[in-house]
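Here is the file run-v4.txt (compact mmCIF, C-alpha atoms).
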# COMPACT_ATOMS: atom_id res chain seq x y z
CA MET A 21 242.64 61.12 158.24
CA LEU A 22 243.58 58.58 160.94
CA CYS A 23 239.96 58.39 162.09
CA LEU A 24 238.68 58.14 158.54
CA GLY A 25 241.14 55.37 157.75
CA ALA A 26 240.24 53.47 160.89
CA GLY A 27 236.54 53.88 160.13
CA ALA A 28 237.05 52.60 156.59
CA GLY A 29 238.95 49.57 157.96
CA VAL A 30 236.17 48.76 160.45
CA ALA A 31 233.55 49.15 157.69
CA LEU A 32 235.50 46.78 155.46
CA ALA A 33 235.75 44.29 158.33
CA PHE A 34 231.98 44.51 158.86
CA LEU A 35 231.46 43.85 155.13
CA CYS A 36 233.71 40.80 155.33
CA VAL A 37 231.69 39.47 158.28
CA GLN A 38 228.42 39.96 156.40
CA VAL A 39 229.79 38.19 153.33
CA HIS A 40 230.93 35.31 155.54
CA ARG A 41 227.46 35.01 157.08
CA MET A 42 225.80 34.96 153.64
CA THR A 43 228.16 32.34 152.23
CA ASN A 44 228.56 30.22 155.37
CA ALA A 45 225.48 30.60 157.53
CA SER A 46 226.20 27.49 159.65
CA GLY A 47 229.62 28.54 160.88
CA ALA A 48 229.68 31.74 163.01
CA LEU A 49 232.90 33.55 163.88
CA ASN A 50 233.98 33.46 167.52
CA LEU A 51 234.61 36.56 169.63
CA GLY A 52 238.39 36.38 169.37
CA THR A 53 238.30 36.24 165.60
CA LEU A 54 235.90 39.20 165.45
CA VAL A 55 238.10 41.30 167.78
CA LEU A 56 241.20 40.42 165.81
CA LEU A 57 239.47 41.14 162.49
CA TYR A 58 237.98 44.48 163.54
CA GLY A 59 241.12 45.59 165.41
CA GLY A 60 243.50 44.56 162.64
CA MET A 61 241.41 46.14 159.85
CA GLY A 62 240.97 49.33 161.91
CA ALA A 63 244.69 49.60 162.62
CA LEU A 64 245.56 48.87 159.00
CA GLY A 65 243.08 51.52 157.85
CA ALA A 66 244.51 54.09 160.27
CA LEU A 67 248.05 53.36 159.01
CA MET A 68 246.98 53.71 155.36
CA GLY A 69 245.18 56.95 156.18
CA HIS A 70 248.30 58.36 157.81
CA LEU A 71 250.53 57.39 154.89
CA LEU A 72 248.16 58.58 152.19
CA SER A 73 246.82 61.67 153.96
CA PRO A 74 248.94 64.26 152.00
CA ARG A 75 247.89 62.85 148.64
CA LEU A 76 244.28 62.38 149.71
CA ILE A 77 244.02 65.95 151.01
CA THR A 78 245.54 67.33 147.79
CA TRP A 79 243.28 65.19 145.63
CA CYS A 80 240.16 66.15 147.60
CA SER A 81 241.04 69.87 147.42
CA GLU A 82 241.58 69.69 143.66
CA ALA A 83 238.37 67.70 143.18
CA VAL A 84 236.31 70.19 145.22
CA ALA A 85 237.86 73.15 143.34
CA ALA A 86 237.13 71.50 139.97
CA LEU A 87 233.56 70.74 141.06
CA GLU A 88 232.98 74.34 142.17
CA LYS A 89 234.42 75.65 138.90
CA HIS A 90 232.15 73.36 136.92
CA MET A 91 229.11 74.30 139.02
CA ASP A 92 229.75 77.99 138.32
CA THR A 93 229.34 77.33 134.60
CA LEU A 94 225.91 75.73 135.08
CA SER A 95 222.74 77.76 134.98
CA LEU A 96 219.91 77.44 137.48
CA ALA A 97 217.81 75.55 134.94
CA GLN A 98 220.63 73.04 134.37
CA LEU A 99 221.07 72.47 138.12
CA ALA A 100 217.33 71.93 138.57
CA ALA A 101 217.18 69.51 135.64
CA MET A 102 220.21 67.55 136.89
CA CYS A 103 218.80 67.27 140.44
CA THR A 104 215.47 66.09 139.04
CA GLY A 105 217.25 63.49 136.90
CA LEU A 106 219.34 62.28 139.86
CA ILE A 107 216.28 61.89 142.11
CA THR A 108 214.39 60.11 139.33
CA GLY A 109 217.30 57.70 138.82
CA PHE A 110 217.44 56.91 142.55
CA LEU A 111 213.68 56.29 142.65
CA ILE A 112 213.87 53.86 139.74
CA ALA A 113 216.82 52.10 141.40
CA ALA A 114 214.86 51.81 144.66
CA LEU A 115 211.91 50.22 142.84
CA LEU A 116 214.16 47.73 141.07
CA THR A 117 215.92 46.75 144.31
CA GLN A 118 212.51 45.93 145.83
CA VAL A 119 212.12 43.32 143.10
CA LEU A 120 215.55 41.90 143.97
CA ASP A 121 214.52 41.50 147.62
CA PHE A 122 212.31 38.59 146.61
CA LEU A 123 215.44 36.69 145.58
CA GLY A 124 216.79 36.86 149.12
CA ASP A 125 219.91 38.43 150.59
CA SER A 126 223.13 37.48 148.86
CA ILE A 127 226.39 39.05 147.76
CA PHE A 128 224.98 39.14 144.22
CA THR A 129 221.85 41.13 145.11
CA LEU A 130 223.88 43.52 147.30
CA ALA A 131 226.41 44.26 144.54
CA PHE A 132 223.73 44.52 141.88
CA SER A 133 221.70 46.97 144.00
CA ALA A 134 224.73 49.20 144.52
CA MET A 135 225.45 49.13 140.77
CA LEU A 136 221.84 50.07 140.03
CA TYR A 137 222.02 53.17 142.23
CA VAL A 138 225.33 54.30 140.73
CA VAL A 139 224.40 53.66 137.09
CA LEU A 140 220.88 55.11 137.24
CA GLY A 141 222.06 58.10 139.28
CA VAL A 142 224.75 58.95 136.73
CA MET A 143 222.27 58.42 133.89
CA GLY A 144 219.80 60.75 135.59
CA LEU A 145 222.44 63.49 135.95
CA THR A 146 223.57 63.15 132.33
CA ILE A 147 220.07 63.10 130.86
CA GLY A 148 219.01 66.01 133.04
CA LYS A 149 221.92 68.15 131.83
CA ARG A 150 221.36 67.28 128.17
CA ARG A 151 217.60 67.88 128.36
CA THR A 152 217.68 71.20 130.18
CA GLU A 153 215.86 72.99 127.37
CA ASP A 154 213.10 70.36 127.29
CA PHE A 155 212.81 70.47 131.08
CA ALA A 156 212.43 74.27 131.05
CA ALA A 157 209.94 74.08 128.19
CA LEU A 158 207.89 71.49 130.11
CA LEU A 159 207.78 73.73 133.19
CA SER A 160 206.82 76.71 131.05
CA HIS A 161 203.54 74.96 130.12
CA LEU A 162 202.43 74.86 133.74
CA PRO A 163 199.83 77.57 134.58
CA VAL A 164 201.89 78.99 137.45
CA MET A 165 205.04 79.18 135.34
CA ARG A 166 203.17 80.82 132.46
CA GLU A 167 201.85 83.46 134.84
CA ARG A 168 205.33 84.09 136.26
CA ARG A 169 206.87 84.31 132.79
CA SER A 170 204.19 86.75 131.69
CA THR A 171 204.86 88.91 134.74
CA ARG A 172 208.60 88.68 134.16
CA ARG A 173 208.25 89.75 130.53
CA THR A 174 206.07 92.72 131.49
CA ASN A 175 208.49 93.78 134.20
CA ALA A 176 211.45 93.34 131.87
CA GLY A 177 209.83 95.60 129.31
CA ALA A 178 209.00 98.18 131.99
CA ASP A 179 212.42 98.10 133.65
CA ASN A 180 214.40 98.01 130.38
CA PRO A 181 212.49 100.04 127.78
CA GLY A 182 215.68 100.33 125.71
CA LEU A 183 216.65 96.65 125.87
CA LYS A 184 218.25 95.44 122.64
CA VAL A 185 218.86 91.81 121.71
CA LEU A 186 221.99 91.09 119.66
CA ASP A 187 222.28 88.44 116.97
CA GLY A 188 225.33 86.71 115.55
CA ALA A 189 225.53 88.92 112.46
CA VAL A 190 225.90 92.16 114.41
CA MET A 191 228.46 90.60 116.78
CA THR A 192 230.70 89.62 113.84
CA ASP A 193 230.05 92.85 111.90
CA GLY A 194 232.94 94.82 113.38
CA ARG A 195 231.04 98.12 113.67
CA LEU A 196 229.09 97.39 116.84
CA GLU A 197 231.84 98.48 119.25
CA ALA A 198 232.29 101.87 117.58
CA VAL A 199 228.54 102.53 117.45
CA CYS A 200 228.08 101.60 121.13
CA ARG A 201 230.96 103.80 122.24
CA THR A 202 229.42 106.83 120.51
CA GLY A 203 226.43 106.63 122.87
CA PHE A 204 223.80 106.43 120.14
CA VAL A 205 222.75 102.95 121.29
CA GLU A 206 220.86 103.48 124.53
CA GLY A 207 219.71 100.93 127.07
CA GLU A 208 221.00 97.49 127.94
CA LEU A 209 222.35 94.97 125.44
CA LEU A 210 221.39 91.30 125.75
CA LEU A 211 223.12 88.37 124.05
CA PRO A 212 221.18 85.08 124.22
CA ASP A 213 223.19 82.03 125.22
CA PHE A 214 222.43 80.17 121.99
CA VAL A 215 223.90 83.06 119.97
CA LEU A 216 227.05 82.88 122.10
CA GLU A 217 227.23 79.14 121.48
CA GLU A 218 226.88 79.81 117.75
CA LEU A 219 229.84 82.21 117.92
CA ARG A 220 231.91 79.60 119.75
CA GLN A 221 231.13 76.99 117.11
CA MET A 222 232.11 79.46 114.38
CA ALA A 223 235.39 80.20 116.17
CA GLU A 224 236.19 76.46 116.18
CA SER A 225 235.05 75.85 112.60
CA ALA A 226 237.32 74.22 110.03
CA ASP A 227 236.37 76.93 107.54
CA ALA A 228 238.91 79.77 107.82
CA THR A 229 236.35 82.49 106.99
CA ARG A 230 233.83 81.32 109.59
CA ARG A 231 236.61 80.87 112.14
CA VAL A 232 237.80 84.46 111.69
CA ARG A 233 234.24 85.83 111.96
CA GLY A 234 233.56 83.77 115.08
CA ARG A 235 236.73 84.93 116.81
CA ARG A 236 235.95 88.52 115.88
CA GLY A 237 232.51 88.16 117.46
CA LEU A 238 233.97 86.71 120.68
CA ALA A 239 236.57 89.49 120.79
CA ALA A 240 233.83 92.11 120.34
CA LEU A 241 231.89 90.53 123.23
CA GLU A 242 234.96 90.67 125.46
CA HIS A 243 235.62 94.34 124.63
CA LEU A 244 231.99 95.34 125.20
CA GLN A 245 231.87 93.58 128.57
CA ALA A 246 235.11 95.29 129.60
CA ASP A 247 233.71 98.76 128.82
CA GLU A 248 232.16 100.15 132.01
CA HIS A 249 229.94 102.53 130.03
CA ILE A 250 228.22 99.70 128.11
CA ARG A 251 225.73 97.40 129.81
CA LEU A 252 225.79 93.95 128.22
CA ARG A 253 224.74 90.63 129.68
CA VAL A 254 224.54 87.06 128.42
CA GLU A 255 221.25 85.44 129.41
CA HIS A 256 220.19 81.81 129.45
CA THR A 257 216.94 81.19 127.61
CA ASP A 258 214.50 78.30 127.70
CA ARG A 259 214.03 78.07 123.95
CA LEU A 260 213.82 74.62 122.34
CA PRO A 261 217.17 73.63 120.76
CA LEU A 262 215.38 72.05 117.79
CA GLN A 263 214.13 75.43 116.62
CA GLU A 264 216.15 77.48 114.15
CA THR A 265 218.36 80.18 115.62
CA ASP A 266 216.43 82.99 113.93
CA VAL A 267 213.10 81.69 115.28
CA ARG A 268 214.51 81.40 118.80
CA LEU A 269 216.00 84.90 118.48
CA LEU A 270 212.70 86.50 117.47
CA SER A 271 210.98 84.63 120.30
CA VAL A 272 213.40 86.16 122.81
CA VAL A 273 212.86 89.65 121.37
CA ARG A 274 209.09 89.25 121.63
CA ASP A 275 209.14 87.82 125.16
CA MET A 276 211.52 90.49 126.47
CA ASN A 277 209.62 93.39 124.84
CA ALA A 278 212.95 94.40 123.33
CA SER A 279 214.35 95.58 120.00
CA LEU A 280 216.50 93.48 117.67
CA LEU A 281 219.94 94.89 116.84
CA THR A 282 221.29 93.24 113.70
CA SER A 283 223.06 93.76 110.39
CA ASP A 284 221.40 90.83 108.59
CA LEU A 285 218.84 91.82 105.96
CA GLY A 286 216.97 88.51 106.12
CA VAL A 287 216.55 88.61 109.90
CA SER A 288 215.44 92.24 109.66
CA LYS A 289 212.69 91.32 107.20
CA MET A 290 211.53 88.44 109.40
CA ALA A 291 211.39 90.67 112.47
CA ARG A 292 209.50 93.44 110.69
CA ALA A 293 207.05 90.89 109.28
CA ALA A 294 206.45 89.70 112.85
CA GLY A 295 205.84 93.29 114.00
CA LEU A 296 209.02 93.53 116.08
CA PRO A 297 211.18 96.69 116.32
CA VAL A 298 214.47 96.35 114.44
CA LEU A 299 217.67 98.39 114.43
CA ASN A 300 219.87 97.54 111.42
CA LEU A 301 223.43 98.85 111.30
CA ASN A 302 223.29 98.91 107.51
CA ASP A 303 220.29 101.25 107.62
CA LEU A 304 222.23 103.49 109.99
CA ALA A 305 225.23 103.51 107.65
CA CYS A 306 223.02 104.45 104.69
CA ALA A 307 221.42 107.25 106.68
CA LEU A 308 224.84 108.67 107.58
CA ARG A 309 226.11 108.82 104.01
CA THR A 310 227.18 112.21 102.78
CA VAL A 311 224.30 113.94 100.96
CA THR A 312 225.49 115.55 97.74
CA ALA A 313 223.55 117.47 95.11
CA ALA A 314 224.32 119.30 91.90
CA GLY A 315 226.23 122.50 92.58
CA ASP A 316 227.97 121.33 95.75
CA VAL A 317 231.68 122.13 95.97
CA LEU A 318 233.83 119.30 97.35
CA ALA A 319 237.50 118.68 98.02
CA VAL A 320 238.33 115.24 96.60
CA ARG A 321 241.59 113.33 96.27
CA ILE A 322 241.84 111.91 92.74
CA THR A 323 243.23 108.38 92.92
CA LYS A 324 243.07 106.96 89.37
CA GLU A 325 241.96 107.55 85.78
CA GLY A 326 238.40 107.06 84.65
CA ARG A 327 237.06 105.04 81.72
CA GLU A 328 236.75 108.04 79.43
CA ALA A 329 239.63 110.22 78.30
CA GLY A 330 240.40 113.08 80.68
CA GLN A 331 238.35 111.61 83.54
CA GLY A 332 239.66 111.02 87.06
CA VAL A 333 238.13 108.97 89.84
CA GLY A 334 238.00 109.74 93.54
CA TYR A 335 236.00 108.60 96.58
CA LEU A 336 234.02 110.41 99.23
CA GLU A 337 234.46 109.62 102.93
CA ASP A 338 231.54 107.18 102.90
CA GLY A 339 233.04 105.26 99.94
CA THR A 340 230.86 106.79 97.21
CA MET A 341 232.72 106.91 93.89
CA ILE A 342 232.92 110.31 92.17
CA VAL A 343 233.85 110.67 88.48
CA ILE A 344 235.63 113.96 87.75
CA GLU A 345 235.83 115.53 84.29
CA GLY A 346 239.31 116.91 83.63
CA GLY A 347 240.80 115.12 86.62
CA SER A 348 243.18 112.75 84.81
CA SER A 349 246.01 115.26 85.05
CA LEU A 350 245.56 115.64 88.83
CA ILE A 351 245.95 112.01 89.92
CA GLY A 352 247.42 111.84 93.42
CA GLU A 353 246.35 115.38 94.26
CA THR A 354 243.39 116.87 96.11
CA ALA A 355 241.29 119.07 93.86
CA GLU A 356 238.27 121.31 94.37
CA VAL A 357 235.40 120.03 92.24
CA THR A 358 231.79 121.02 91.63
CA VAL A 359 229.10 118.33 91.51
CA SER A 360 227.32 118.30 88.19
CA SER A 361 224.91 115.37 88.70
CA VAL A 362 224.15 112.41 90.99
CA LEU A 363 223.11 109.03 89.59
CA GLN A 364 221.45 106.35 91.75
CA THR A 365 221.93 102.80 90.42
CA ASN A 366 221.27 99.28 91.71
CA ALA A 367 224.94 99.00 92.62
CA GLY A 368 224.86 102.22 94.61
CA ARG A 369 225.22 105.96 94.08
CA MET A 370 227.58 107.57 91.57
CA VAL A 371 228.53 111.24 91.56
CA PHE A 372 229.75 113.19 88.53
CA ALA A 373 231.72 116.42 88.94
CA ARG A 374 234.11 118.72 87.14
CA VAL A 375 237.33 120.36 88.27
CA ASN A 376 237.00 124.04 89.19
CA ASP A 377 239.17 126.48 87.25

Please, can you express the file's structure as structure tokens?
Amino acid sequence: MLCLGAGAGVALAFLCVQVHRMTNASGALNLGTLVLLYGGMGALGALMGHLLSPRLITWCSEAVAALEKHMDTLSLAQLAAMCTGLITGFLIAALLTQVLDFLGDSIFTLAFSAMLYVVLGVMGLTIGKRRTEDFAALLSHLPVMRERRSTRRTNAGADNPGLKVLDGAVMTDGRLEAVCRTGFVEGELLLPDFVLEELRQMAESADATRRVRGRRGLAALEHLQADEHIRLRVEHTDRLPLQETDVRLLSVVRDMNASLLTSDLGVSKMARAAGLPVLNLNDLACALRTVTAAGDVLAVRITKEGREAGQGVGYLEDGTMIVIEGGSSLIGETAEVTVSSVLQTNAGRMVFARVND
């Protein structure tokens, strides 16, 4: 820190000499003044470096740690876009400073040139980070990039034949964890980054219902990632942010040669209309409902009275309501009943039965 402080003092002395030459070209500084100026500024810089070294070292360590932590959150596409923006900003600043050279050397042109580099460099970094999706989309139109993406999609489909893309509805459903732990969902699970961002926005929503669903989805993601028997990864995509989430989701499913895992009826219809394979948790739940037919003997707990006199009402394990003739006197008890008929309505399935003697 002593050397750095002394170097900073000498650099400041050199800057003072240059400013003096620009403002007073006729009067040059003598050798004694220069030695005194450089020596005094160097010694003063070394002293300041010694006094401030603990704070400077702590500040630099914290700044580097914060920078590394922030860099870890950036994707490769974001880093490439930010570097491109920074280089572009520096190039524009260099062109503008060439115009300033015609005005001659002065303290004004020197300060203005430095400000140009700083301002345009920061603008380039900011614009590059915000326009990552557009930058990736622009590169995707290049012939070489299209060929690489096509090869990557083919390899992804060959390496992960059971790859399943998750949407926001299935993440907030609450049944995904249980289904995955049973082992019926094979292959790797993939959550696009824009779906994760949607969950985060829901978790921070002012609406209590959306906030609860968003937090449930984030909790489900954390539990699935912690399970060593479940393979789940969050992947950055180069889809345009102006597109709707459902359109971007179906585009990812098509490009990855994957299947869509959802519980949303509308998204399922869109995917099937596009010719994409769909796995809907609601379809699975319907397929696993208990199949009952006339003549089956069931053990049902009667919970309340029915609409008609003498009737009792109970529920099967899958939630199907069963109306029991002669069950009003057995409320709160488990009775053996025989199914007399099954009625399918728009609201669901209803089973009618009678109590066995």

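Interatomic distance, CA of Tyr335 in chain A against CA of Leu318 in chain A: 10.9 Å.
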
Checklist entry - Once you count all atoms listed in the file, which residues end up no further than 7 Å from (244.0, 112.7, 90.8) in the file's frame, shown as JSON, numbers by chain? => result {"A": [321, 322, 323, 324, 332, 347, 348, 349, 350, 351, 352, 353, 354]}

Selection as a PDB file with C-alpha atoms, keeping the file's coordinate frame: residues within 9 Å of (221.8, 83.6, 117.9), counting all atoms listed in the file:
ATOM      1  CA  LEU A 186     221.990  91.090 119.660  1.00  0.00           C
ATOM      2  CA  ASP A 187     222.280  88.440 116.970  1.00  0.00           C
ATOM      3  CA  GLY A 188     225.330  86.710 115.550  1.00  0.00           C
ATOM      4  CA  ALA A 189     225.530  88.920 112.460  1.00  0.00           C
ATOM      5  CA  LEU A 211     223.120  88.370 124.050  1.00  0.00           C
ATOM      6  CA  PRO A 212     221.180  85.080 124.220  1.00  0.00           C
ATOM      7  CA  ASP A 213     223.190  82.030 125.220  1.00  0.00           C
ATOM      8  CA  PHE A 214     222.430  80.170 121.990  1.00  0.00           C
ATOM      9  CA  VAL A 215     223.900  83.060 119.970  1.00  0.00           C
ATOM     10  CA  LEU A 216     227.050  82.880 122.100  1.00  0.00           C
ATOM     11  CA  GLU A 217     227.230  79.140 121.480  1.00  0.00           C
ATOM     12  CA  GLU A 218     226.880  79.810 117.750  1.00  0.00           C
ATOM     13  CA  LEU A 219     229.840  82.210 117.920  1.00  0.00           C
ATOM     14  CA  THR A 265     218.360  80.180 115.620  1.00  0.00           C
ATOM     15  CA  ASP A 266     216.430  82.990 113.930  1.00  0.00           C
ATOM     16  CA  ARG A 268     214.510  81.400 118.800  1.00  0.00           C
ATOM     17  CA  LEU A 269     216.000  84.900 118.480  1.00  0.00           C
TER      18      LEU A 269
END

Checklist entry - Do you have the CA of Cys36 in chain A-CA of Leu64 in chain A distance handy? => result 14.8 Å

Item to check | Residue contacts of range 369-373 of chain A (10 Å, all atoms listed in the file) excluding same-chain residues fewer than 4 positions away, as a ChimeraX atom specification | outcome: /A:312-318,331-336,339-347,356-365

Item to check | Separation of CA of Met276 in chain A from CA of Leu299 in chain A in Å | outcome: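 Computed distance, CA of Leu299 in chain A to CA of Met276 in chain A, equals 15.7 Å.
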
Determine the axis-aligned bounding box of all atoms of range 293-302 of chain A present in the file, pad each side by 8 Å, and express its centre and edge lengths in Å to one decimal place as AutoDock Vina command-line options.
--center_x 214.6 --center_y 94.3 --center_z 111.9 --size_x 33.6 --size_y 25.2 --size_z 24.8

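Every protein, DNA or RNA residue with an atom at most 10 Å from Gly148 in chain A, where all atoms listed in the file count and chain neighbours fewer than 4 positions away do not, is listed here: A:Ala97, A:Gln98, A:Leu99, A:Ala100, A:Ala101, A:Met102, A:Cys103, A:Thr104, A:Gly105, A:Leu106, A:Thr108, A:Val142, A:Met143, A:Gly144, A:Thr152, A:Glu153, A:Asp154, A:Phe155.
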
Could you write out the selected residues, including C-alpha atoms, as a PDB file, keeping the file's coordinate frame?
ATOM      1  CA  ALA A  97     217.810  75.550 134.940  1.00  0.00           C
ATOM      2  CA  GLN A  98     220.630  73.040 134.370  1.00  0.00           C
ATOM      3  CA  LEU A  99     221.070  72.470 138.120  1.00  0.00           C
ATOM      4  CA  ALA A 100     217.330  71.930 138.570  1.00  0.00           C
ATOM      5  CA  ALA A 101     217.180  69.510 135.640  1.00  0.00           C
ATOM      6  CA  MET A 102     220.210  67.550 136.890  1.00  0.00           C
ATOM      7  CA  CYS A 103     218.800  67.270 140.440  1.00  0.00           C
ATOM      8  CA  THR A 104     215.470  66.090 139.040  1.00  0.00           C
ATOM      9  CA  GLY A 105     217.250  63.490 136.900  1.00  0.00           C
ATOM     10  CA  LEU A 106     219.340  62.280 139.860  1.00  0.00           C
ATOM     11  CA  THR A 108     214.390  60.110 139.330  1.00  0.00           C
ATOM     12  CA  VAL A 142     224.750  58.950 136.730  1.00  0.00           C
ATOM     13  CA  MET A 143     222.270  58.420 133.890  1.00  0.00           C
ATOM     14  CA  GLY A 144     219.800  60.750 135.590  1.00  0.00           C
ATOM     15  CA  THR A 152     217.680  71.200 130.180  1.00  0.00           C
ATOM     16  CA  GLU A 153     215.860  72.990 127.370  1.00  0.00           C
ATOM     17  CA  ASP A 154     213.100  70.360 127.290  1.00  0.00           C
ATOM     18  CA  PHE A 155     212.810  70.470 131.080  1.00  0.00           C
TER      19      PHE A 155
END
